[in-house]
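Asks: entry.tsv is the file, holding TSV, C-alpha atoms:
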```tsv
chain	number	residue	atom	x	y	z
A	1	MET	CA	0.00	0.00	0.00
A	2	ARG	CA	1.26	3.46	-0.87
A	3	PRO	CA	2.17	5.62	2.15
A	4	GLN	CA	-0.40	8.16	0.98
A	5	ALA	CA	-3.15	5.52	1.26
A	6	VAL	CA	-2.02	4.73	4.81
A	7	ARG	CA	-2.24	8.43	5.64
A	8	ARG	CA	-5.76	8.66	4.21
A	9	ALA	CA	-6.78	5.68	6.34
A	10	ALA	CA	-5.53	7.48	9.45
A	11	LEU	CA	-7.47	10.57	8.39
A	12	ARG	CA	-10.65	8.54	7.89
A	13	ALA	CA	-10.47	7.35	11.50
A	14	ARG	CA	-10.29	10.97	12.63
A	15	LEU	CA	-13.24	11.88	10.46
A	16	ARG	CA	-15.37	9.15	11.98
A	17	ALA	CA	-14.39	10.31	15.45
A	18	ARG	CA	-15.63	13.79	14.50
A	19	GLU	CA	-18.84	12.33	13.01
A	20	LEU	CA	-17.95	13.69	9.58
A	21	ASP	CA	-18.82	11.80	6.41
A	22	GLY	CA	-15.86	13.24	4.56
A	23	LEU	CA	-13.28	16.02	4.32
A	24	LEU	CA	-12.77	18.37	1.39
A	25	VAL	CA	-9.01	19.01	1.27
A	26	THR	CA	-7.98	22.16	-0.61
A	27	ASP	CA	-4.57	23.01	0.87
A	28	LEU	CA	-2.08	21.86	-1.78
A	29	VAL	CA	0.52	20.78	0.80
A	30	ASN	CA	-2.07	18.57	2.50
A	31	ILE	CA	-3.12	17.22	-0.89
A	32	ARG	CA	0.46	16.28	-1.66
A	33	TYR	CA	0.75	14.56	1.72
A	34	LEU	CA	-2.42	12.52	1.13
A	35	THR	CA	-2.01	11.74	-2.59
A	36	GLY	CA	1.51	12.50	-3.84
A	37	PHE	CA	0.25	15.12	-6.31
A	38	THR	CA	2.67	18.02	-6.92
A	39	GLY	CA	0.70	20.23	-9.31
A	40	SER	CA	-0.73	23.69	-8.71
A	41	ASN	CA	-4.48	23.02	-8.86
A	42	ALA	CA	-6.31	20.21	-7.12
A	43	ALA	CA	-8.85	19.22	-4.51
A	44	LEU	CA	-9.43	15.96	-2.67
A	45	LEU	CA	-12.54	14.52	-1.10
A	46	VAL	CA	-11.67	11.88	1.49
A	47	ALA	CA	-14.70	9.75	2.38
A	48	ALA	CA	-14.85	8.67	6.00
A	49	GLU	CA	-16.00	5.11	5.47
A	50	ASP	CA	-14.16	3.84	2.41
A	51	ASP	CA	-11.31	5.07	0.23
A	52	ASP	CA	-13.21	3.72	-2.78
A	53	ALA	CA	-15.65	6.63	-2.33
A	54	SER	CA	-12.87	9.23	-2.24
A	55	LEU	CA	-12.26	11.48	-5.25
A	56	PHE	CA	-9.34	13.49	-6.57
A	57	CYS	CA	-9.87	16.45	-8.89
A	58	THR	CA	-7.50	18.52	-11.02
A	59	ASP	CA	-7.66	20.32	-14.36
A	60	GLY	CA	-6.72	19.27	-17.87
A	61	ARG	CA	-3.10	20.42	-17.58
A	62	TYR	CA	-2.41	17.63	-15.11
A	63	VAL	CA	-4.18	14.61	-16.62
A	64	THR	CA	-0.94	12.75	-17.38
A	65	GLN	CA	0.79	13.90	-14.20
A	66	SER	CA	-2.09	12.94	-11.92
A	67	ALA	CA	-2.31	9.49	-13.51
A	68	ALA	CA	1.31	8.90	-12.47
A	69	GLU	CA	1.22	10.59	-9.07
A	70	VAL	CA	-2.28	9.58	-7.93
A	71	PRO	CA	-2.77	6.05	-9.34
A	72	ASP	CA	-5.01	4.80	-6.53
A	73	LEU	CA	-7.93	7.27	-6.62
A	74	PRO	CA	-10.63	8.09	-9.17
A	75	VAL	CA	-9.81	11.36	-10.92
A	76	VAL	CA	-12.28	14.07	-11.90
A	77	THR	CA	-11.12	16.70	-14.40
A	78	ASP	CA	-12.45	20.17	-13.66
A	79	ARG	CA	-10.59	23.47	-13.28
A	80	ALA	CA	-12.91	24.49	-10.42
A	81	SER	CA	-11.65	21.49	-8.47
A	82	ALA	CA	-13.00	22.24	-5.00
A	83	ARG	CA	-16.46	23.23	-6.23
A	84	ALA	CA	-16.61	20.18	-8.48
A	85	LEU	CA	-16.03	17.83	-5.55
A	86	ALA	CA	-18.37	19.72	-3.23
A	87	ALA	CA	-21.09	19.26	-5.86
A	88	ARG	CA	-20.45	15.50	-5.96
A	89	ALA	CA	-20.45	15.00	-2.18
A	90	SER	CA	-24.15	14.19	-1.89
A	91	TRP	CA	-23.84	11.65	-4.70
A	92	LEU	CA	-21.33	9.81	-2.52
A	93	GLY	CA	-23.64	9.85	0.51
A	94	VAL	CA	-21.65	12.61	2.22
A	95	GLN	CA	-24.12	14.71	4.21
A	96	HIS	CA	-21.69	16.21	6.73
A	97	LEU	CA	-18.61	17.43	4.86
A	98	GLY	CA	-15.67	18.91	6.72
A	99	PHE	CA	-13.64	21.59	4.99
A	100	GLU	CA	-10.29	23.21	5.75
A	101	SER	CA	-11.61	26.46	7.16
A	102	ASP	CA	-8.06	27.59	7.90
A	103	ALA	CA	-7.26	27.44	4.16
A	104	VAL	CA	-10.54	28.63	2.57
A	105	THR	CA	-11.42	32.27	2.01
A	106	VAL	CA	-14.86	33.67	2.84
A	107	ASP	CA	-15.69	34.01	-0.85
A	108	ALA	CA	-14.52	30.46	-1.58
A	109	HIS	CA	-16.66	29.16	1.25
A	110	LEU	CA	-19.74	30.84	-0.23
A	111	ALA	CA	-19.03	29.17	-3.58
A	112	LEU	CA	-18.48	25.77	-1.94
A	113	ASP	CA	-21.67	26.09	0.08
A	114	GLU	CA	-23.66	26.85	-3.05
A	115	ALA	CA	-22.09	23.92	-4.92
A	116	ALA	CA	-22.65	21.49	-2.02
A	117	GLY	CA	-26.42	21.83	-2.12
A	118	THR	CA	-27.97	19.70	0.61
A	119	THR	CA	-24.58	18.63	1.98
A	120	GLU	CA	-23.69	20.52	5.15
A	121	LEU	CA	-20.24	22.13	5.23
A	122	ILE	CA	-18.61	21.91	8.66
A	123	ARG	CA	-15.44	23.69	9.73
A	124	ALA	CA	-12.65	21.15	10.28
A	125	PRO	CA	-9.29	22.94	10.51
A	126	GLY	CA	-6.07	21.20	11.37
A	127	LEU	CA	-7.07	17.57	10.83
A	128	VAL	CA	-4.38	16.91	8.23
A	129	ALA	CA	-1.82	19.19	9.89
A	130	ASP	CA	-2.15	17.16	13.08
A	131	LEU	CA	-1.40	13.99	11.11
A	132	ARG	CA	1.56	15.61	9.41
A	133	ALA	CA	3.14	16.48	12.75
A	134	VAL	CA	4.18	12.83	13.17
A	135	LYS	CA	6.33	11.66	10.27
A	136	ASP	CA	6.29	8.15	8.84
A	137	ALA	CA	9.42	6.27	7.78
A	138	VAL	CA	9.22	7.55	4.19
A	139	GLU	CA	9.14	11.14	5.40
A	140	VAL	CA	11.99	10.70	7.87
A	141	ALA	CA	14.12	9.20	5.10
A	142	ALA	CA	13.41	12.19	2.85
A	143	LEU	CA	14.25	14.62	5.65
A	144	ARG	CA	17.46	12.73	6.40
A	145	THR	CA	18.49	13.09	2.76
A	146	ALA	CA	17.60	16.80	2.72
A	147	CYS	CA	19.78	17.35	5.78
A	148	ALA	CA	22.68	15.44	4.23
A	149	VAL	CA	22.44	17.46	1.00
A	150	ALA	CA	22.54	20.77	2.87
A	151	GLU	CA	25.47	19.73	5.02
A	152	ALA	CA	27.45	18.42	2.06
A	153	ALA	CA	27.04	21.80	0.38
A	154	LEU	CA	28.30	23.72	3.42
A	155	THR	CA	31.22	21.32	3.81
A	156	ASP	CA	32.18	21.99	0.18
A	157	LEU	CA	31.82	25.75	0.67
A	158	LEU	CA	34.17	25.73	3.66
A	159	ALA	CA	36.70	23.52	1.87
A	160	ALA	CA	36.74	26.03	-1.00
A	161	ASP	CA	37.49	28.93	1.39
A	162	GLY	CA	33.98	30.19	0.76
A	163	LEU	CA	33.96	32.44	3.83
A	164	ALA	CA	37.07	34.34	2.81
A	165	PRO	CA	37.22	38.01	3.84
A	166	GLY	CA	36.07	40.28	1.04
A	167	ARG	CA	33.32	38.01	-0.26
A	168	THR	CA	29.87	39.52	0.19
A	169	GLU	CA	27.03	38.01	2.17
A	170	ARG	CA	24.97	37.79	-1.02
A	171	ALA	CA	27.73	36.04	-2.98
A	172	VAL	CA	28.33	33.46	-0.25
A	173	ALA	CA	24.60	32.75	0.11
A	174	LEU	CA	24.25	32.22	-3.65
A	175	ASP	CA	27.34	30.01	-3.68
A	176	LEU	CA	25.89	27.84	-0.91
A	177	GLU	CA	22.49	27.57	-2.62
A	178	ASN	CA	24.10	26.54	-5.90
A	179	ARG	CA	26.15	23.90	-4.13
A	180	MET	CA	22.96	22.48	-2.58
A	181	ARG	CA	21.50	22.14	-6.07
A	182	GLU	CA	24.68	20.42	-7.25
A	183	HIS	CA	24.23	17.88	-4.45
A	184	GLY	CA	20.65	17.11	-5.52
A	185	ALA	CA	18.40	19.75	-3.95
A	186	THR	CA	15.42	20.94	-5.96
A	187	ALA	CA	15.93	24.37	-4.42
A	188	PRO	CA	16.91	25.95	-1.11
A	189	ALA	CA	14.41	25.07	1.60
A	190	PHE	CA	14.00	28.81	2.22
A	191	ARG	CA	15.91	32.00	1.49
A	192	THR	CA	19.33	31.50	3.02
A	193	ILE	CA	20.14	33.67	6.02
A	194	LEU	CA	23.79	34.64	5.82
A	195	ALA	CA	24.68	37.38	8.27
A	196	ALA	CA	28.17	38.73	9.01
A	197	GLY	CA	29.43	41.02	11.74
A	198	ALA	CA	26.74	43.17	13.35
A	199	HIS	CA	24.20	41.69	10.92
A	200	SER	CA	24.50	38.36	12.74
A	201	ALA	CA	22.54	39.97	15.59
A	202	ILE	CA	19.50	40.18	13.27
A	203	PRO	CA	17.71	36.82	13.58
A	204	HIS	CA	16.33	36.80	10.00
A	205	HIS	CA	18.80	38.99	8.16
A	206	THR	CA	18.59	39.14	4.36
A	207	PRO	CA	22.04	38.87	2.72
A	208	THR	CA	23.43	42.12	1.33
A	209	ASP	CA	26.53	43.23	-0.54
A	210	THR	CA	28.31	43.76	2.78
A	211	PRO	CA	31.75	42.11	2.61
A	212	LEU	CA	32.91	39.61	5.21
A	213	ARG	CA	35.71	40.93	7.42
A	214	ARG	CA	38.24	39.47	9.82
A	215	GLY	CA	36.80	39.34	13.31
A	216	ASP	CA	33.22	38.85	12.05
A	217	LEU	CA	30.84	36.29	13.38
A	218	VAL	CA	29.11	34.70	10.37
A	219	LYS	CA	25.72	33.12	11.02
A	220	ILE	CA	24.43	30.77	8.31
A	221	ASP	CA	20.84	29.46	8.53
A	222	PHE	CA	20.02	27.34	5.50
A	223	GLY	CA	18.43	24.15	4.22
A	224	ALA	CA	17.78	22.02	1.16
A	225	LEU	CA	14.50	21.03	-0.48
A	226	VAL	CA	14.57	17.37	-1.53
A	227	ASP	CA	11.52	15.41	-2.73
A	228	GLY	CA	9.30	18.12	-1.24
A	229	TYR	CA	10.88	17.92	2.23
A	230	HIS	CA	12.85	20.71	3.89
A	231	SER	CA	15.96	20.63	6.04
A	232	ASP	CA	16.94	23.41	8.42
A	233	VAL	CA	20.30	23.93	10.10
A	234	THR	CA	22.25	26.91	11.49
A	235	ARG	CA	25.91	27.22	12.34
A	236	THR	CA	27.90	30.29	13.40
A	237	PHE	CA	31.54	30.78	12.38
A	238	VAL	CA	34.19	33.40	13.14
A	239	ILE	CA	36.67	34.81	10.62
A	240	GLY	CA	40.03	34.74	12.31
A	241	PRO	CA	40.71	34.21	16.02
A	242	PRO	CA	37.55	34.79	18.10
A	243	ALA	CA	37.32	37.49	20.73
A	244	GLN	CA	36.52	36.33	24.25
A	245	TRP	CA	32.98	37.71	24.10
A	246	GLN	CA	32.37	35.70	20.92
A	247	ARG	CA	33.61	32.55	22.61
A	248	ASP	CA	31.42	33.23	25.64
A	249	VAL	CA	28.24	33.82	23.65
A	250	HIS	CA	28.81	30.76	21.46
A	251	GLU	CA	29.51	28.56	24.48
A	252	LEU	CA	26.31	29.78	26.16
A	253	VAL	CA	24.18	29.08	23.09
A	254	ALA	CA	25.80	25.65	22.71
A	255	ARG	CA	24.86	24.75	26.30
A	256	ALA	CA	21.31	25.98	25.77
A	257	GLN	CA	21.00	24.01	22.55
A	258	LEU	CA	22.27	20.84	24.24
A	259	ALA	CA	19.65	21.28	26.99
A	260	GLY	CA	16.91	21.69	24.41
A	261	ARG	CA	17.99	18.62	22.46
A	262	ALA	CA	18.17	16.57	25.66
A	263	ALA	CA	14.60	17.57	26.57
A	264	LEU	CA	13.08	16.07	23.42
A	265	ALA	CA	11.14	12.92	24.30
A	266	PRO	CA	7.63	11.54	23.81
A	267	GLY	CA	5.07	12.99	26.23
A	268	VAL	CA	7.09	16.10	27.06
A	269	GLU	CA	5.17	19.37	26.77
A	270	VAL	CA	6.49	21.69	24.08
A	271	VAL	CA	6.67	24.56	26.58
A	272	ALA	CA	8.95	22.46	28.79
A	273	VAL	CA	11.39	21.92	25.91
A	274	ASP	CA	11.48	25.64	25.23
A	275	ALA	CA	12.04	26.34	28.92
A	276	ALA	CA	14.88	23.81	29.19
A	277	SER	CA	16.90	25.80	26.68
A	278	ARG	CA	15.66	29.28	27.51
A	279	ASP	CA	16.41	28.89	31.22
A	280	VAL	CA	20.10	28.31	30.47
A	281	ILE	CA	20.31	31.61	28.62
A	282	ALA	CA	18.23	33.47	31.20
A	283	ALA	CA	20.42	32.18	34.05
A	284	ALA	CA	23.41	33.74	32.30
A	285	GLY	CA	21.66	37.12	32.23
A	286	GLN	CA	21.03	37.02	28.48
A	287	GLY	CA	17.34	36.10	28.45
A	288	GLU	CA	16.28	39.38	26.81
A	289	HIS	CA	18.59	38.58	23.89
A	290	PHE	CA	16.86	35.27	23.04
A	291	VAL	CA	13.97	36.76	21.10
A	292	HIS	CA	12.22	33.86	19.35
A	293	GLY	CA	10.82	30.42	20.04
A	294	LEU	CA	13.16	27.48	20.44
A	295	GLY	CA	12.07	25.62	17.33
A	296	HIS	CA	9.36	24.23	15.11
A	297	GLY	CA	8.22	21.20	13.22
A	298	VAL	CA	9.62	20.74	9.73
A	299	GLY	CA	8.54	18.59	6.79
A	300	LEU	CA	6.63	19.42	3.60
A	301	GLU	CA	6.74	23.00	4.90
A	302	ILE	CA	9.66	24.68	6.57
A	303	HIS	CA	7.48	25.66	9.55
A	304	GLU	CA	4.99	23.06	10.73
A	305	ALA	CA	3.38	21.99	13.97
A	306	PRO	CA	4.34	21.76	16.73
A	307	ALA	CA	5.91	25.02	17.89
A	308	LEU	CA	8.57	24.80	20.58
A	309	ALA	CA	7.81	28.07	22.31
A	310	ALA	CA	6.57	29.53	25.56
A	311	THR	CA	3.24	30.04	23.80
A	312	GLY	CA	3.19	26.53	22.29
A	313	THR	CA	0.62	23.87	23.09
A	314	GLY	CA	0.61	20.10	23.21
A	315	THR	CA	3.12	17.36	23.84
A	316	LEU	CA	5.76	15.63	21.76
A	317	ALA	CA	5.25	12.24	20.16
A	318	ALA	CA	7.66	9.74	18.62
A	319	GLY	CA	8.11	10.51	14.94
A	320	MET	CA	7.91	14.28	15.24
A	321	VAL	CA	10.71	16.11	13.44
A	322	LEU	CA	11.64	19.47	14.93
A	323	THR	CA	14.35	22.08	15.04
A	324	VAL	CA	16.11	23.20	18.21
A	325	GLU	CA	17.63	26.62	17.56
A	326	PRO	CA	18.38	28.93	20.49
A	327	GLY	CA	20.17	32.18	19.82
A	328	VAL	CA	21.65	35.17	21.57
A	329	TYR	CA	21.68	38.43	19.61
A	330	LEU	CA	23.66	41.47	20.79
A	331	GLU	CA	22.56	44.46	18.75
A	332	GLY	CA	25.41	46.27	17.05
A	333	ARG	CA	27.94	43.55	17.93
A	334	GLY	CA	26.84	40.18	16.65
A	335	GLY	CA	24.83	37.09	17.40
A	336	VAL	CA	25.01	33.32	17.56
A	337	ARG	CA	22.44	30.69	16.67
A	338	ILE	CA	22.99	26.91	16.65
A	339	GLU	CA	20.27	24.80	15.07
A	340	ASP	CA	19.72	21.14	14.35
A	341	THR	CA	16.84	19.16	12.88
A	342	LEU	CA	15.96	16.17	15.07
A	343	VAL	CA	13.50	13.27	15.02
A	344	VAL	CA	11.89	12.28	18.32
A	345	GLY	CA	12.31	8.59	19.11
A	346	PRO	CA	10.88	6.37	21.86
A	347	ASP	CA	13.79	7.14	24.19
A	348	GLY	CA	14.92	10.59	23.09
A	349	ALA	CA	15.88	12.31	19.86
A	350	GLU	CA	18.25	11.65	16.96
A	351	SER	CA	19.83	14.58	15.19
A	352	LEU	CA	19.42	14.40	11.42
A	353	THR	CA	21.97	17.21	11.08
A	354	ARG	CA	25.50	16.26	11.99
A	355	LEU	CA	27.76	19.27	11.37
A	356	PRO	CA	30.12	20.10	14.27
A	357	ARG	CA	28.57	22.47	16.77
A	358	GLU	CA	31.80	24.03	18.01
A	359	LEU	CA	32.75	27.60	17.13
A	360	VAL	CA	34.84	27.13	13.99
A	361	GLU	CA	37.51	29.66	13.04
A	362	VAL	CA	37.81	30.13	9.26
```
Could I get this structure in the form of structure tokens?

Replies:
Amino acid sequence: MRPQAVRRAALRARLRARELDGLLVTDLVNIRYLTGFTGSNAALLVAAEDDDASLFCTDGRYVTQSAAEVPDLPVVTDRASARALAARASWLGVQHLGFESDAVTVDAHLALDEAAGTTELIRAPGLVADLRAVKDAVEVAALRTACAVAEAALTDLLAADGLAPGRTERAVALDLENRMREHGATAPAFRTILAAGAHSAIPHHTPTDTPLRRGDLVKIDFGALVDGYHSDVTRTFVIGPPAQWQRDVHELVARAQLAGRAALAPGVEVVAVDAASRDVIAAAGQGEHFVHGLGHGVGLEIHEAPALAATGTGTLAAGMVLTVEPGVYLEGRGGVRIEDTLVVGPDGAESLTRLPRELVEV
């Protein structure tokens, strides 16, 4: 059985628990997760009782592609994919149809309601996102490959003296992204954050034509997109011998990151993981300089559930893949972030990213 069929079976159990006869899936990421389809227009109706009553819809541009990517579902061809399936719901005996209210506009909902006729549309946000939070073996393998591709590219960049003084942030970021493609990435997982000197104190700095200089901290937050799955890793380097304050900040962030990684285990509340890392930084008097959550889920999107943050909710489960990425940012001077992507296992977590975490002088 295809992994997508297994995922639909898990979704059907959730639909029955919610007393829904089906779910109209319109978010393209969720559609890819449940079917394997990678095109730009589609909708999916998952019937609660039997996959044989489920329908996939796309338009004429994707007839050949959908036959290859979605071989195990009946396909309807209609450019107005969501409305076409809503109109067919009653034919399939679906009287209570959930829809992704977190992905449907008000105007789209009015159109769906009109098309559905006697079928009742019921808000059902987050059902697929909750499933996606726990990765299956196929997904973990794809994420492992994406991490390896990203790290191979950075290793090549460093071996080629890619952080040499005089190179610009923008040039280095482009170099790294091209190397990821050479190693098999479809694209960068997100726009590379490459921040040198005082810019490294900006958590999400956009690379500029600022040249790298001796004495700079260089923060690199990057990832590779492979088979639809994203990797995410951050390392901070120093050009030339580090100053004592740079050593101190890096050592503090490294201890905080270790505490966060160690806290990952099934059943642990996400707020407790955030606190495990944040408390280390706060105890050193730098709490006000750790300005973001500790991490996030990662998979078909670069930011997925759950959020490791003081405002997060829920507990961890085996199979979740998350980042742990504390940082300390000293405005006008520089900042350090250390980030890994990890998969939660029955007895702890395995890091899918394996680059050294020490402060490396280049």

Asks: Please identify all polymer residues within 9 Å of region 149-153 of chain A, counting all atoms listed in the file, omitting same-chain residues fewer than 6 positions from it, and present them as a list in words.

Replies: Leu176, Glu177, Asn178, Arg179, Met180, Arg181, Glu182, His183, Gly184, Ala185, Pro188, Phe222, Gly223, Ala224, Leu225, Val226, Ser231, Asp232, Val233, Thr353, Arg354 and Leu355 of chain A

Asks: Those residues you just picked out, can you put them in a file as a JSON list (two decimals), in the frame of the given file with C-alpha atoms?

Replies:
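Output saved as part-v8.json:
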```
[["chain", "number", "residue", "atom", "x", "y", "z"],
["A", 176, "LEU", "CA", 25.89, 27.84, -0.91],
["A", 177, "GLU", "CA", 22.49, 27.57, -2.62],
["A", 178, "ASN", "CA", 24.10, 26.54, -5.90],
["A", 179, "ARG", "CA", 26.15, 23.90, -4.13],
["A", 180, "MET", "CA", 22.96, 22.48, -2.58],
["A", 181, "ARG", "CA", 21.50, 22.14, -6.07],
["A", 182, "GLU", "CA", 24.68, 20.42, -7.25],
["A", 183, "HIS", "CA", 24.23, 17.88, -4.45],
["A", 184, "GLY", "CA", 20.65, 17.11, -5.52],
["A", 185, "ALA", "CA", 18.40, 19.75, -3.95],
["A", 188, "PRO", "CA", 16.91, 25.95, -1.11],
["A", 222, "PHE", "CA", 20.02, 27.34, 5.50],
["A", 223, "GLY", "CA", 18.43, 24.15, 4.22],
["A", 224, "ALA", "CA", 17.78, 22.02, 1.16],
["A", 225, "LEU", "CA", 14.50, 21.03, -0.48],
["A", 226, "VAL", "CA", 14.57, 17.37, -1.53],
["A", 231, "SER", "CA", 15.96, 20.63, 6.04],
["A", 232, "ASP", "CA", 16.94, 23.41, 8.42],
["A", 233, "VAL", "CA", 20.30, 23.93, 10.10],
["A", 353, "THR", "CA", 21.97, 17.21, 11.08],
["A", 354, "ARG", "CA", 25.50, 16.26, 11.99],
["A", 355, "LEU", "CA", 27.76, 19.27, 11.37]]
```

Asks: Between A:Thr77, A:Arg255, A:Ile338, A:Val134, which residue has the minimum interatomic distance to Pro203 (chain A), considering only C-alpha atoms?

Replies: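 Distance minimum relative to Pro203 (chain A) lands on A:Ile338.
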
Asks: Using all atoms listed in the file, find each residue in region 78-130 of chain A having at least one atom no more than 12 Å away from region 306-326 of chain A; report its shortest atom-to-atom pair and that distance in Å (one decimal), rows by chain then rising number, as CSV.

Replies:
```
residue,atom,partner,partner_atom,distance
A:Gly126,CA,A:Pro306,CA,11.7
A:Ala129,CA,A:Pro306,CA,9.6
A:Asp130,CA,A:Pro306,CA,8.8
```

Asks: Rank A:Arg213, A:His199, A:His96, A:Arg2 by their smallest atom-to-atom distance to Pro165 (chain A), using all atoms listed in the file, and report the top residue only.

Replies: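 Between A:Arg213, A:His199, A:His96, A:Arg2, the residue approaching Pro165 (chain A) most closely is A:Arg213.
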
Asks: Rounded to one decimal place, report the CA of His289 (chain A)-CA of Ala263 (chain A) distance in Å.

Replies: 21.6 Å

Asks: Identify, on the basis of all atoms listed in the file, every residue whose closest approach to Gln95 (chain A) does not exceed 10 Å; exclude the query and any residue fewer than 2 positions from it along the same chain; express the result as a list of chain:residue names.

Replies: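 Neighbouring residues, sequence-local ones excluded: A:Leu20, A:Asp21, A:Gly22, A:Ala89, A:Ser90, A:Trp91, A:Leu92, A:Gly93, A:Leu97, A:Gly98, A:Ala116, A:Gly117, A:Thr118, A:Thr119, A:Glu120, A:Leu121.
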
Asks: Just the number, please: distance in Å from CA of Glu331 (chain A) to CA of Gly197 (chain A), one decimal.

Replies: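 Here the two named atoms are 10.4 Å from each other.
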
Asks: Between A:Leu252, A:Ala124, A:Leu85, A:Leu300, which is the closest to Leu112 (chain A) once you count only C-alpha atoms?

Replies: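 The closest residue to Leu112 (chain A) is A:Leu85.
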
Asks: Find the residue from A:Ala48, A:Leu217, A:Ala5, A:Ala259 that sits nearest to Arg32 (chain A); use only C-alpha atoms when measuring.

Replies: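 Closest candidate: A:Ala5.
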